[in-house]
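Novice: Provided below: input_7.cif, containing mmCIF, C-alpha atoms.
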data_data
#
loop_
_atom_site.label_atom_id
_atom_site.label_comp_id
_atom_site.auth_asym_id
_atom_site.auth_seq_id
_atom_site.Cartn_x
_atom_site.Cartn_y
_atom_site.Cartn_z
CA MET A 1 0.00 0.00 0.00
CA VAL A 2 2.81 2.39 0.95
CA ILE A 3 4.62 1.44 -2.24
CA LEU A 4 1.51 2.10 -4.32
CA LEU A 5 1.31 5.60 -2.81
CA TYR A 6 5.02 6.11 -3.53
CA PHE A 7 4.39 5.10 -7.15
CA VAL A 8 1.47 7.58 -7.41
CA ALA A 9 3.62 10.32 -5.81
CA LEU A 10 6.31 9.76 -8.48
CA LEU A 11 3.62 9.85 -11.17
CA LEU A 12 2.30 13.18 -9.84
CA ALA A 13 5.83 14.61 -9.56
CA GLY A 14 6.35 13.68 -13.22
CA PHE A 15 3.03 15.25 -14.16
CA ALA A 16 3.89 18.52 -12.37
CA ALA A 17 7.37 18.57 -13.93
CA GLY A 18 5.80 18.01 -17.35
CA ILE A 19 3.45 20.98 -16.95
CA VAL A 20 6.13 23.33 -15.57
CA GLY A 21 8.63 22.12 -18.18
CA ALA A 22 6.23 22.73 -21.06
CA MET A 23 4.94 26.09 -19.84
CA SER A 24 8.36 27.50 -18.94
CA GLY A 25 9.81 26.14 -22.19
CA LEU A 26 12.68 24.43 -20.39
CA GLY A 27 11.48 20.82 -20.70
CA GLY A 28 10.48 18.34 -18.00
CA GLY A 29 13.95 16.90 -17.40
CA ILE A 30 15.46 19.98 -15.83
CA VAL A 31 12.48 20.14 -13.42
CA ILE A 32 12.23 16.46 -12.45
CA VAL A 33 15.88 16.01 -11.41
CA PRO A 34 15.68 18.54 -8.53
CA ALA A 35 12.25 17.13 -7.56
CA LEU A 36 13.54 13.54 -7.35
CA THR A 37 16.78 14.38 -5.55
CA LEU A 38 15.66 17.17 -3.20
CA LEU A 39 12.12 15.94 -2.38
CA PHE A 40 12.32 12.14 -2.78
CA GLY A 41 15.96 11.65 -1.75
CA ILE A 42 16.65 9.58 -4.85
CA PRO A 43 20.37 9.28 -5.81
CA LEU A 44 21.39 11.73 -8.53
CA GLU A 45 22.34 9.00 -11.04
CA TYR A 46 18.85 7.42 -10.86
CA ALA A 47 17.21 10.87 -11.11
CA ALA A 48 19.36 11.72 -14.14
CA GLY A 49 18.50 8.35 -15.75
CA ALA A 50 14.76 8.87 -15.27
CA SER A 51 15.05 12.41 -16.60
CA LEU A 52 17.05 11.48 -19.71
CA ILE A 53 14.54 8.74 -20.63
CA SER A 54 11.60 11.13 -20.08
CA THR A 55 13.32 13.65 -22.33
CA ILE A 56 13.16 11.18 -25.24
CA ALA A 57 9.41 10.76 -24.72
CA THR A 58 8.52 14.46 -24.51
CA SER A 59 10.89 15.41 -27.32
CA SER A 60 9.53 12.73 -29.66
CA GLY A 61 5.94 13.67 -28.79
CA ALA A 62 6.50 17.38 -29.42
CA ALA A 63 8.72 16.81 -32.46
CA SER A 64 5.99 14.69 -34.04
CA ALA A 65 3.75 17.78 -34.12
CA TYR A 66 6.49 20.25 -35.09
CA VAL A 67 7.75 18.12 -37.98
CA LYS A 68 4.25 17.79 -39.39
CA GLU A 69 3.78 21.58 -39.28
CA LYS A 70 7.22 21.90 -40.94
CA LEU A 71 8.39 24.19 -38.15
CA ALA A 72 11.35 21.95 -37.31
CA ASN A 73 14.12 22.13 -39.89
CA ILE A 74 15.26 18.53 -40.35
CA LYS A 75 18.46 19.43 -42.22
CA ILE A 76 19.65 21.95 -39.67
CA GLY A 77 18.71 19.58 -36.84
CA MET A 78 20.53 16.63 -38.40
CA SER A 79 23.71 18.56 -39.19
CA LEU A 80 23.92 19.80 -35.60
CA GLU A 81 23.22 16.33 -34.17
CA VAL A 82 26.69 15.25 -35.32
CA ALA A 83 28.04 17.38 -32.45
CA THR A 84 25.29 16.70 -29.89
CA THR A 85 25.64 12.90 -30.19
CA LEU A 86 29.44 12.98 -29.87
CA GLY A 87 29.05 15.40 -26.95
CA ALA A 88 26.49 13.11 -25.30
CA ILE A 89 28.90 10.14 -25.50
CA ALA A 90 31.66 12.21 -23.88
CA GLY A 91 29.23 13.63 -21.29
CA SER A 92 27.85 10.27 -20.13
CA LEU A 93 31.35 8.81 -19.84
CA LEU A 94 32.32 11.87 -17.80
CA ALA A 95 29.24 11.25 -15.60
CA ALA A 96 30.41 7.64 -15.08
CA TYR A 97 33.81 8.94 -13.93
CA VAL A 98 32.24 11.43 -11.52
CA TYR A 99 29.86 8.88 -9.94
CA ALA A 100 32.57 6.22 -9.72
CA HIS A 101 34.78 8.64 -7.77
CA GLY A 102 31.99 9.69 -5.40
CA ILE A 103 32.18 13.37 -6.33
CA SER A 104 28.57 13.80 -7.47
CA GLN A 105 28.41 17.07 -5.43
CA ILE A 106 30.08 18.73 -8.43
CA LEU A 107 27.13 17.70 -10.58
CA PHE A 108 24.64 19.31 -8.18
CA ILE A 109 26.53 22.61 -8.48
CA LEU A 110 26.79 22.30 -12.27
CA PHE A 111 23.11 21.39 -12.51
CA GLY A 112 22.11 24.48 -10.54
CA ALA A 113 24.34 26.67 -12.70
CA VAL A 114 22.93 25.23 -15.96
CA LEU A 115 19.38 25.71 -14.65
CA LEU A 116 20.06 29.38 -13.85
CA ILE A 117 21.76 29.99 -17.22
CA SER A 118 18.83 28.27 -18.99
CA LEU A 119 16.40 30.80 -17.53
CA TYR A 120 18.13 33.67 -19.31
CA PRO A 121 17.07 32.99 -22.94
CA THR A 122 13.52 32.40 -21.71
CA PHE A 123 13.51 35.89 -20.15
CA ILE A 124 14.88 37.34 -23.39
CA GLU A 125 11.98 35.78 -25.29
CA PHE A 126 9.61 38.07 -23.38
CA ARG A 127 11.01 41.10 -25.16
CA LYS A 128 9.81 39.79 -28.53
CA VAL A 129 12.19 41.60 -30.83
CA HIS A 130 11.57 41.22 -34.54
CA ARG A 131 14.82 41.16 -36.40
CA ARG A 132 15.29 40.59 -40.09
CA ARG A 133 16.34 36.99 -40.39
CA MET A 134 18.36 36.82 -43.57
CA HIS A 135 21.95 36.33 -42.52
CA ARG A 136 24.28 34.58 -44.98
CA ASP A 137 27.82 33.29 -45.23
CA TRP A 138 29.56 30.31 -46.95
CA SER A 139 27.87 27.79 -44.62
CA THR A 140 24.35 29.03 -45.51
CA GLY A 141 24.75 27.69 -49.03
CA PHE A 142 26.93 24.68 -48.28
CA PHE A 143 24.82 23.27 -45.42
CA GLN A 144 21.50 24.44 -46.97
CA LEU A 145 20.53 26.47 -43.91
CA SER A 146 17.45 28.15 -45.33
CA GLY A 147 13.78 27.29 -45.16
CA SER A 148 10.30 28.61 -44.66
CA TYR A 149 7.33 28.00 -42.42
CA TYR A 150 3.75 29.18 -42.17
CA ASP A 151 3.20 31.60 -39.30
CA ARG A 152 -0.34 31.06 -37.99
CA ALA A 153 -0.50 34.33 -36.05
CA LYS A 154 0.77 36.47 -38.94
CA LYS A 155 -1.08 34.33 -41.51
CA ARG A 156 1.81 34.30 -43.96
CA VAL A 157 4.83 32.24 -44.98
CA ILE A 158 8.06 33.32 -43.29
CA ARG A 159 11.31 32.70 -45.18
CA TYR A 160 14.54 32.50 -43.24
CA SER A 161 18.18 31.58 -43.52
CA GLY A 162 20.85 31.03 -40.90
CA TYR A 163 24.62 31.40 -40.91
CA ARG A 164 27.74 30.63 -38.80
CA TRP A 165 27.12 26.87 -38.87
CA TRP A 166 30.45 26.23 -37.12
CA PHE A 167 29.32 28.40 -34.19
CA GLY A 168 26.09 26.43 -33.82
CA GLU A 169 28.01 23.15 -34.11
CA ALA A 170 30.42 24.18 -31.32
CA VAL A 171 27.58 25.18 -28.95
CA MET A 172 25.82 21.87 -29.75
CA GLY A 173 28.94 19.95 -28.73
CA VAL A 174 28.76 21.61 -25.31
CA ALA A 175 24.97 21.01 -25.16
CA GLY A 176 25.60 17.31 -25.85
CA VAL A 177 28.20 17.03 -23.07
CA ILE A 178 25.83 18.73 -20.59
CA SER A 179 23.00 16.42 -21.70
CA GLY A 180 25.05 13.27 -21.10
CA LEU A 181 26.57 14.59 -17.88
CA LEU A 182 23.36 15.77 -16.18
CA GLY A 183 20.68 13.66 -17.90
CA ILE A 184 18.76 16.62 -19.34
CA GLY A 185 17.86 17.66 -22.88
CA SER A 186 19.78 20.96 -22.55
CA GLY A 187 17.23 22.57 -24.86
CA ALA A 188 18.10 26.07 -23.63
CA LEU A 189 21.71 25.69 -24.78
CA LYS A 190 20.51 24.40 -28.15
CA VAL A 191 18.31 27.47 -28.45
CA ILE A 192 21.28 29.74 -27.65
CA GLY A 193 23.31 28.06 -30.40
CA MET A 194 20.64 28.40 -33.08
CA ASP A 195 19.05 31.71 -32.09
CA TRP A 196 22.13 33.72 -31.07
CA GLY A 197 24.74 31.78 -32.99
CA MET A 198 23.07 30.97 -36.28
CA LYS A 199 20.41 33.72 -36.19
CA LEU A 200 17.51 31.40 -36.95
CA PRO A 201 13.95 32.51 -36.04
CA MET A 202 12.85 31.63 -32.51
CA LYS A 203 9.98 29.35 -33.64
CA VAL A 204 12.26 27.32 -35.90
CA THR A 205 14.89 27.21 -33.18
CA THR A 206 12.57 25.83 -30.47
CA ALA A 207 10.95 23.30 -32.81
CA THR A 208 14.29 22.09 -34.21
CA SER A 209 15.79 21.90 -30.73
CA ASN A 210 12.90 19.68 -29.63
CA PHE A 211 13.44 17.52 -32.68
CA MET A 212 17.15 17.13 -31.87
CA ILE A 213 16.83 16.42 -28.14
CA GLY A 214 15.42 12.91 -28.75
CA VAL A 215 18.51 11.76 -30.63
CA THR A 216 20.90 13.37 -28.12
CA ALA A 217 19.03 11.78 -25.19
CA ALA A 218 18.87 8.36 -26.90
CA THR A 219 22.67 8.43 -27.27
CA GLY A 220 23.17 9.17 -23.58
CA SER A 221 20.47 6.70 -22.49
CA ALA A 222 22.15 3.78 -24.25
CA ILE A 223 25.30 4.42 -22.20
CA TYR A 224 23.30 5.13 -19.00
CA TRP A 225 21.69 1.70 -19.50
CA VAL A 226 24.92 -0.30 -19.10
CA LEU A 227 26.15 2.04 -16.38
CA GLY A 228 23.00 1.04 -14.45
CA TYR A 229 21.56 4.55 -14.00
CA ILE A 230 18.11 3.49 -15.18
CA GLN A 231 15.94 2.24 -12.32
CA PRO A 232 12.67 0.87 -13.78
CA PHE A 233 10.51 1.57 -10.71
CA ILE A 234 11.45 5.27 -10.78
CA VAL A 235 11.51 5.69 -14.56
CA ALA A 236 8.09 4.12 -15.25
CA PRO A 237 5.83 6.55 -13.31
CA VAL A 238 8.05 9.55 -14.11
CA VAL A 239 7.96 8.97 -17.90
CA ILE A 240 4.19 8.50 -17.97
CA GLY A 241 3.63 11.51 -15.67
CA ILE A 242 5.92 13.85 -17.61
CA LEU A 243 4.43 12.88 -20.96
CA ILE A 244 0.86 13.57 -19.81
CA GLY A 245 1.98 16.74 -18.00
CA ALA A 246 3.85 18.06 -21.04
CA TYR A 247 0.79 17.44 -23.22
CA CYS A 248 -1.51 19.29 -20.79
CA GLY A 249 1.08 22.05 -20.40
CA SER A 250 1.27 22.68 -24.14
CA LYS A 251 -2.54 22.83 -24.35
CA LEU A 252 -2.70 25.24 -21.40
CA LEU A 253 -0.05 27.38 -23.06
CA GLN A 254 -2.24 27.78 -26.16
CA ARG A 255 -5.28 28.81 -24.13
CA THR A 256 -3.79 31.27 -21.70
CA SER A 257 -1.60 34.20 -22.63
CA GLY A 258 0.48 32.60 -19.90
CA ARG A 259 2.80 35.54 -19.32
CA SER A 260 2.32 35.86 -15.57
CA ILE A 261 2.21 32.12 -14.94
CA ARG A 262 5.39 31.60 -16.99
CA MET A 263 7.07 34.34 -14.98
CA LEU A 264 6.02 32.59 -11.75
CA PHE A 265 7.47 29.27 -12.97
CA LEU A 266 10.72 30.94 -13.97
CA ILE A 267 11.09 32.47 -10.51
CA ILE A 268 10.38 29.10 -8.86
CA LEU A 269 12.95 27.44 -11.13
CA GLY A 270 15.48 30.14 -10.19
CA ILE A 271 15.01 29.23 -6.52
CA VAL A 272 15.34 25.52 -7.37
CA GLY A 273 18.60 26.26 -9.20
CA ILE A 274 20.04 28.02 -6.14
CA GLU A 275 18.76 25.13 -3.97
CA MET A 276 20.71 22.62 -6.14
CA ILE A 277 23.91 24.67 -5.86
CA LEU A 278 23.52 24.88 -2.06
CA ARG A 279 22.99 21.12 -1.96
CA GLY A 280 26.21 20.70 -3.94
CA PHE A 281 28.10 22.76 -1.37
CA GLY A 282 26.60 20.60 1.40
CA VAL A 283 24.15 23.20 2.75
CA ALA A 284 20.90 21.43 3.63
CA MET B 1 3.33 10.60 -47.89
CA ASP B 2 6.36 12.88 -47.63
CA MET B 3 9.34 12.61 -45.32
CA GLU B 4 7.92 14.96 -42.66
CA ASP B 5 4.67 13.01 -42.34
CA ALA B 6 6.44 9.64 -42.20
CA ILE B 7 8.83 10.82 -39.48
CA SER B 8 5.92 12.31 -37.56
CA TYR B 9 4.07 8.94 -37.57
CA VAL B 10 7.13 6.94 -36.55
CA LEU B 11 7.72 9.23 -33.58
CA ARG B 12 4.10 8.99 -32.48
CA ILE B 13 3.83 5.19 -32.84
CA GLY B 14 7.15 4.77 -30.97
CA VAL B 15 6.05 6.88 -28.00
CA ILE B 16 2.55 5.38 -27.76
CA SER B 17 3.72 1.76 -27.91
CA SER B 18 6.49 2.37 -25.38
CA ILE B 19 4.04 3.96 -22.94
CA PHE B 20 1.78 0.91 -23.41
CA PHE B 21 4.59 -1.48 -22.38
CA ILE B 22 5.64 0.73 -19.45
CA ALA B 23 2.05 0.99 -18.16
CA VAL B 24 1.41 -2.77 -18.43
CA GLY B 25 4.78 -3.45 -16.75
CA SER B 26 3.96 -1.10 -13.87
CA ALA B 27 0.59 -2.77 -13.35
CA LEU B 28 2.17 -6.26 -13.39
CA LEU B 29 4.85 -5.14 -10.95
CA LEU B 30 2.32 -3.74 -8.46
CA VAL B 31 -0.23 -6.57 -8.82
CA ASN B 32 2.34 -9.39 -8.57
CA ASN B 33 4.06 -7.61 -5.67
CA GLY B 34 7.43 -8.06 -7.34
CA SER B 35 9.17 -9.24 -10.50
CA ASN B 36 12.14 -11.33 -11.68
CA GLY B 37 12.52 -12.94 -8.24
CA PHE B 38 12.76 -9.62 -6.40
CA THR B 39 10.13 -8.39 -3.95
CA LEU B 40 8.41 -5.05 -4.57
CA ASN B 41 10.13 -3.68 -1.46
CA GLN B 42 13.56 -4.46 -2.89
CA ILE B 43 12.66 -2.94 -6.27
CA ALA B 44 11.04 0.26 -4.95
CA ASN B 45 13.80 1.17 -2.48
CA ALA B 46 15.33 4.52 -3.55
CA ASN B 47 18.88 3.18 -3.11
CA THR B 48 18.19 -0.23 -4.68
CA ASN B 49 20.89 -2.00 -6.69
CA ILE B 50 18.29 -3.38 -9.08
CA ASN B 51 18.71 -1.38 -12.29
CA SER B 52 19.16 -1.53 -16.05
CA SER B 53 22.70 -2.93 -15.86
CA ASP B 54 21.31 -6.31 -14.67
CA PHE B 55 19.19 -6.74 -17.80
CA THR B 56 20.07 -7.66 -21.37
CA VAL B 57 17.79 -7.82 -24.40
CA PRO B 58 17.59 -11.69 -24.46
CA SER B 59 16.73 -11.84 -20.72
CA ILE B 60 14.07 -9.16 -21.17
CA MET B 61 12.49 -11.06 -24.06
CA ASN B 62 12.20 -14.18 -21.86
CA GLY B 63 10.63 -12.17 -19.06
CA LEU B 64 7.96 -10.72 -21.36
CA LEU B 65 6.40 -14.15 -21.87
CA GLY B 66 6.51 -14.81 -18.12
CA TYR B 67 4.67 -11.51 -17.44
CA GLN B 68 7.55 -10.13 -15.41
CA GLY B 69 6.76 -6.44 -14.72
CA LEU B 70 10.36 -5.21 -14.83
CA ASP B 71 10.91 -6.79 -18.25
CA TRP B 72 7.75 -5.16 -19.62
CA ILE B 73 8.88 -1.74 -18.36
CA LEU B 74 12.37 -2.23 -19.77
CA ILE B 75 11.13 -3.30 -23.22
CA GLY B 76 9.08 -0.09 -23.23
CA LEU B 77 12.25 1.87 -22.50
CA ILE B 78 14.10 0.07 -25.30
CA VAL B 79 11.30 0.96 -27.74
CA LEU B 80 11.54 4.57 -26.54
CA ILE B 81 15.34 4.71 -27.04
CA ALA B 82 14.93 3.06 -30.46
CA THR B 83 12.38 5.65 -31.63
CA PRO B 84 14.84 8.48 -32.41
CA VAL B 85 17.21 5.89 -33.92
CA MET B 86 14.44 4.81 -36.28
CA ARG B 87 13.85 8.35 -37.40
CA VAL B 88 17.56 8.82 -38.12
CA VAL B 89 17.56 5.64 -40.23
CA MET B 90 14.49 6.84 -42.15
CA SER B 91 16.15 10.19 -42.79
CA ILE B 92 19.22 8.53 -44.32
CA PHE B 93 17.00 6.84 -46.92
CA ALA B 94 14.89 9.95 -47.45
CA PHE B 95 17.96 12.12 -48.17
CA ALA B 96 19.45 9.45 -50.44
CA TYR B 97 16.16 9.22 -52.33
CA LYS B 98 16.24 12.98 -52.88
CA ARG B 99 19.88 12.61 -54.00
CA ASN B 100 21.00 15.00 -51.30
CA TRP B 101 24.31 13.17 -50.76
CA LEU B 102 25.71 15.75 -48.34
CA TYR B 103 22.81 15.21 -45.95
CA ALA B 104 22.65 11.45 -46.52
CA THR B 105 26.30 11.39 -45.36
CA ILE B 106 25.72 13.72 -42.41
CA THR B 107 22.76 11.60 -41.26
CA LEU B 108 24.84 8.44 -41.66
CA ILE B 109 27.48 9.99 -39.36
CA VAL B 110 24.78 10.70 -36.73
CA PHE B 111 23.65 7.06 -37.07
CA ILE B 112 27.24 5.84 -36.58
CA ASP B 113 27.55 8.02 -33.44
CA LEU B 114 24.36 6.39 -32.12
CA MET B 115 25.65 2.89 -32.87
CA ILE B 116 28.92 3.69 -31.10
CA ALA B 117 26.86 4.65 -28.03
CA VAL B 118 24.63 1.55 -28.24
CA PHE B 119 27.21 -1.15 -29.06
CA ILE B 120 30.83 -0.03 -28.79
CA VAL B 121 30.96 2.14 -25.64
CA PRO B 122 28.96 -0.40 -23.54
CA GLY B 123 31.47 -3.08 -24.57
CA PHE B 124 34.29 -1.02 -23.06
CA ILE B 125 32.31 -0.29 -19.89
CA MET B 126 31.46 -3.95 -19.23
CA HIS B 127 35.08 -5.17 -19.64
#
Written as structure tokens, how would this file's structure read?

Specialist:
Amino acid sequence: MVILLYFVALLLAGFAAGIVGAMSGLGGGIVIVPALTLLFGIPLEYAAGASLISTIATSSGAASAYVKEKLANIKIGMSLEVATTLGAIAGSLLAAYVYAHGISQILFILFGAVLLISLYPTFIEFRKVHRRRMHRDWSTGFFQLSGSYYDRAKKRVIRYSGYRWWFGEAVMGVAGVISGLLGIGSGALKVIGMDWGMKLPMKVTTATSNFMIGVTAATGSAIYWVLGYIQPFIVAPVVIGILIGAYCGSKLLQRTSGRSIRMLFLIILGIVGIEMILRGFGVA
Amino acid sequence: MDMEDAISYVLRIGVISSIFFIAVGSALLLVNNGSNGFTLNQIANANTNINSSDFTVPSIMNGLLGYQGLDWILIGLIVLIATPVMRVVMSIFAFAYKRNWLYATITLIVFIDLMIAVFIVPGFIMH
């Protein structure tokens, strides 16, 4: 009976993380890891394993919709995945080293820092600047970095092109390492690479990032599997909860203007980030 | 059906079927009060040593027929991990079909990275 309640509690934690992750735009993984470690006292490696697996589910679910609407740019996503997958291999091996040497405190500090940095681009998005998105260089032509999508709000087709592919690729390498190391999708870093680095439109950036996260997370998960970071009893309720939560969150986001509620979530996540860093330094 | 639609369906089918296996596995685990010779108490403990490293694909396949909850959950997770891999494989063929050799090659490299993570790196870890 107690175990059944524990299972339901994990399911609800996943559901809440899914909603907050979808509405804040950060993804469920970055929310569930602090919940599992700080509230449930689950070891960081098991929390990271559950998070990484959940990331595949939410990413694939969201990407399914984005790809159909042609918002996600498959070429740009695929070319950047070369770096994210290699980064994820390096990151998960680095995680194995850290856990084997009993210095997981470092990962708590890093996690908190990444969470705080991830909030920044989300704040920027509130300013809604409209820039002309037609940057070009040699990589625009060579890697075919242009495309178009239909903007529902503006009711017209938006054409775009990106540049500085090498810059995006470098940021993606780092995003991959972080993903493998902490068990998160590191979507915020991917957005920084494509939005700031390659100057792609925000909508294309978020959709393509979602599309890419599944492959990055699958790479890390395969290595997490043999390392034994995937604990079925924790993963099962968390994956189901996050997937349902993320679905509800995306629907809620369409209905409400969501500005104030998003702001509230971002503030809560900021506190959680600081909490993780304190935990890393051994402050209860 | 174009490439975008096909990829979209593969992603959806992958996620739905994996959730089905995970849900059935969870139910079996809770109803049978354990799985694979472990009690539910041993499995649900936050610091348990029972995890993915104890299970291989052949052992999971055997457990499916015996209605072992853990094996049902784990096959769901394998389906989930395989879903993005499937979409990479489909993209290789789609780019080759369009004679976009640059992107067929790039996608093949991503696939090789994935296979290194699934088959080669684990080999090093286990030895």

Novice: In terms of the shortest atom-to-atom distance over all atoms listed in the file, which of A:His135, A:Lys75, A:Lys154, A:Arg255 is closest to Val88 in chain B?

Specialist: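 Ranked by minimum distance to Val88 in chain B, first place goes to A:Lys75.
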
Novice: Between A:Ala48, A:Val226, A:Leu71, A:Ala236, which is the closest to Leu30 in chain B once you count all atoms listed in the file?

Specialist: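 Among A:Ala48, A:Val226, A:Leu71, A:Ala236, it is A:Ala236 that comes nearest to Leu30 in chain B.
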
Novice: Applying the PyMOL selection byres ((chain A) within 6 of (chain B)) to the file I just gave you, which residues come out? Please list them as a PyMOL selection string.

Specialist: chain A and resi 42+60+64+67-68+82+214-215+218-219+222+225-226+228+230-231+233+236

Novice: Considering only C-alpha atoms, return as JSON, numbers by chain whatever protein or nucleic-acid residues lie within 7 Å of Ile184 in chain A, sequence-local ones (same chain, fewer than 5 positions apart) excluded.

Specialist: {"A": [29, 30, 51, 52, 55, 179]}

Novice: Using all atoms listed in the file, find the one residue out of A:Val8, A:Ala35, A:Ala153, A:Leu80 that sits nearest to Leu269 in chain A.

Specialist: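 For Leu269 in chain A, the nearest of the given residues is A:Ala35.
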
Novice: On this structure, which residues satisfy the PyMOL selection byres ((chain A and resi 273) around 8), written as a list in words?

Specialist: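 When the PyMOL selection byres ((chain A and resi 273) around 8) is applied to the shown file, the picked residues are Phe111, Gly112, Ala113, Leu115, Leu116, Leu269, Gly270, Ile271, Val272, Ile274, Glu275, Met276 and Ile277 of chain A.
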
Novice: Name the residues that the PyMOL selection byres ((chain A and resi 150) around 12) picks from the file above, as a PDB file with C-alpha atoms, in the coordinates of the input, using the file's chain letters and numbers.

Specialist:
ATOM      1  CA  TYR A  66       6.490  20.250 -35.090  1.00  0.00           C
ATOM      2  CA  LYS A  68       4.250  17.790 -39.390  1.00  0.00           C
ATOM      3  CA  GLU A  69       3.780  21.580 -39.280  1.00  0.00           C
ATOM      4  CA  LYS A  70       7.220  21.900 -40.940  1.00  0.00           C
ATOM      5  CA  LEU A  71       8.390  24.190 -38.150  1.00  0.00           C
ATOM      6  CA  ALA A  72      11.350  21.950 -37.310  1.00  0.00           C
ATOM      7  CA  GLY A 147      13.780  27.290 -45.160  1.00  0.00           C
ATOM      8  CA  SER A 148      10.300  28.610 -44.660  1.00  0.00           C
ATOM      9  CA  TYR A 149       7.330  28.000 -42.420  1.00  0.00           C
ATOM     10  CA  ASP A 151       3.200  31.600 -39.300  1.00  0.00           C
ATOM     11  CA  ARG A 152      -0.340  31.060 -37.990  1.00  0.00           C
ATOM     12  CA  ALA A 153      -0.500  34.330 -36.050  1.00  0.00           C
ATOM     13  CA  LYS A 154       0.770  36.470 -38.940  1.00  0.00           C
ATOM     14  CA  LYS A 155      -1.080  34.330 -41.510  1.00  0.00           C
ATOM     15  CA  ARG A 156       1.810  34.300 -43.960  1.00  0.00           C
ATOM     16  CA  VAL A 157       4.830  32.240 -44.980  1.00  0.00           C
ATOM     17  CA  ILE A 158       8.060  33.320 -43.290  1.00  0.00           C
ATOM     18  CA  ARG A 159      11.310  32.700 -45.180  1.00  0.00           C
ATOM     19  CA  TYR A 160      14.540  32.500 -43.240  1.00  0.00           C
ATOM     20  CA  LYS A 203       9.980  29.350 -33.640  1.00  0.00           C
ATOM     21  CA  VAL A 204      12.260  27.320 -35.900  1.00  0.00           C
TER      22      VAL A 204
END

Novice: Nearest to Val235 in chain A among A:Gly176, A:Gly28, A:Gly18, A:Gly49, with distances taken over all atoms listed in the file: which residue is it?

Specialist: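 Closest residue, counting all atoms listed in the file: A:Gly49.
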
Novice: Counting all atoms listed in the file, figure out which residue out of A:Ala96, A:Met263, A:Ala22, A:Ile53 gets nearest to Thr206 in chain A.

Specialist: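 Nearest candidate to Thr206 in chain A out of A:Ala96, A:Met263, A:Ala22, A:Ile53: A:Ala22.
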
Novice: If I take CA of Leu243 in chain A and CA of Ser24 in chain A, how far is one from the other in Å, to one decimal?

Specialist: 15.3 Å
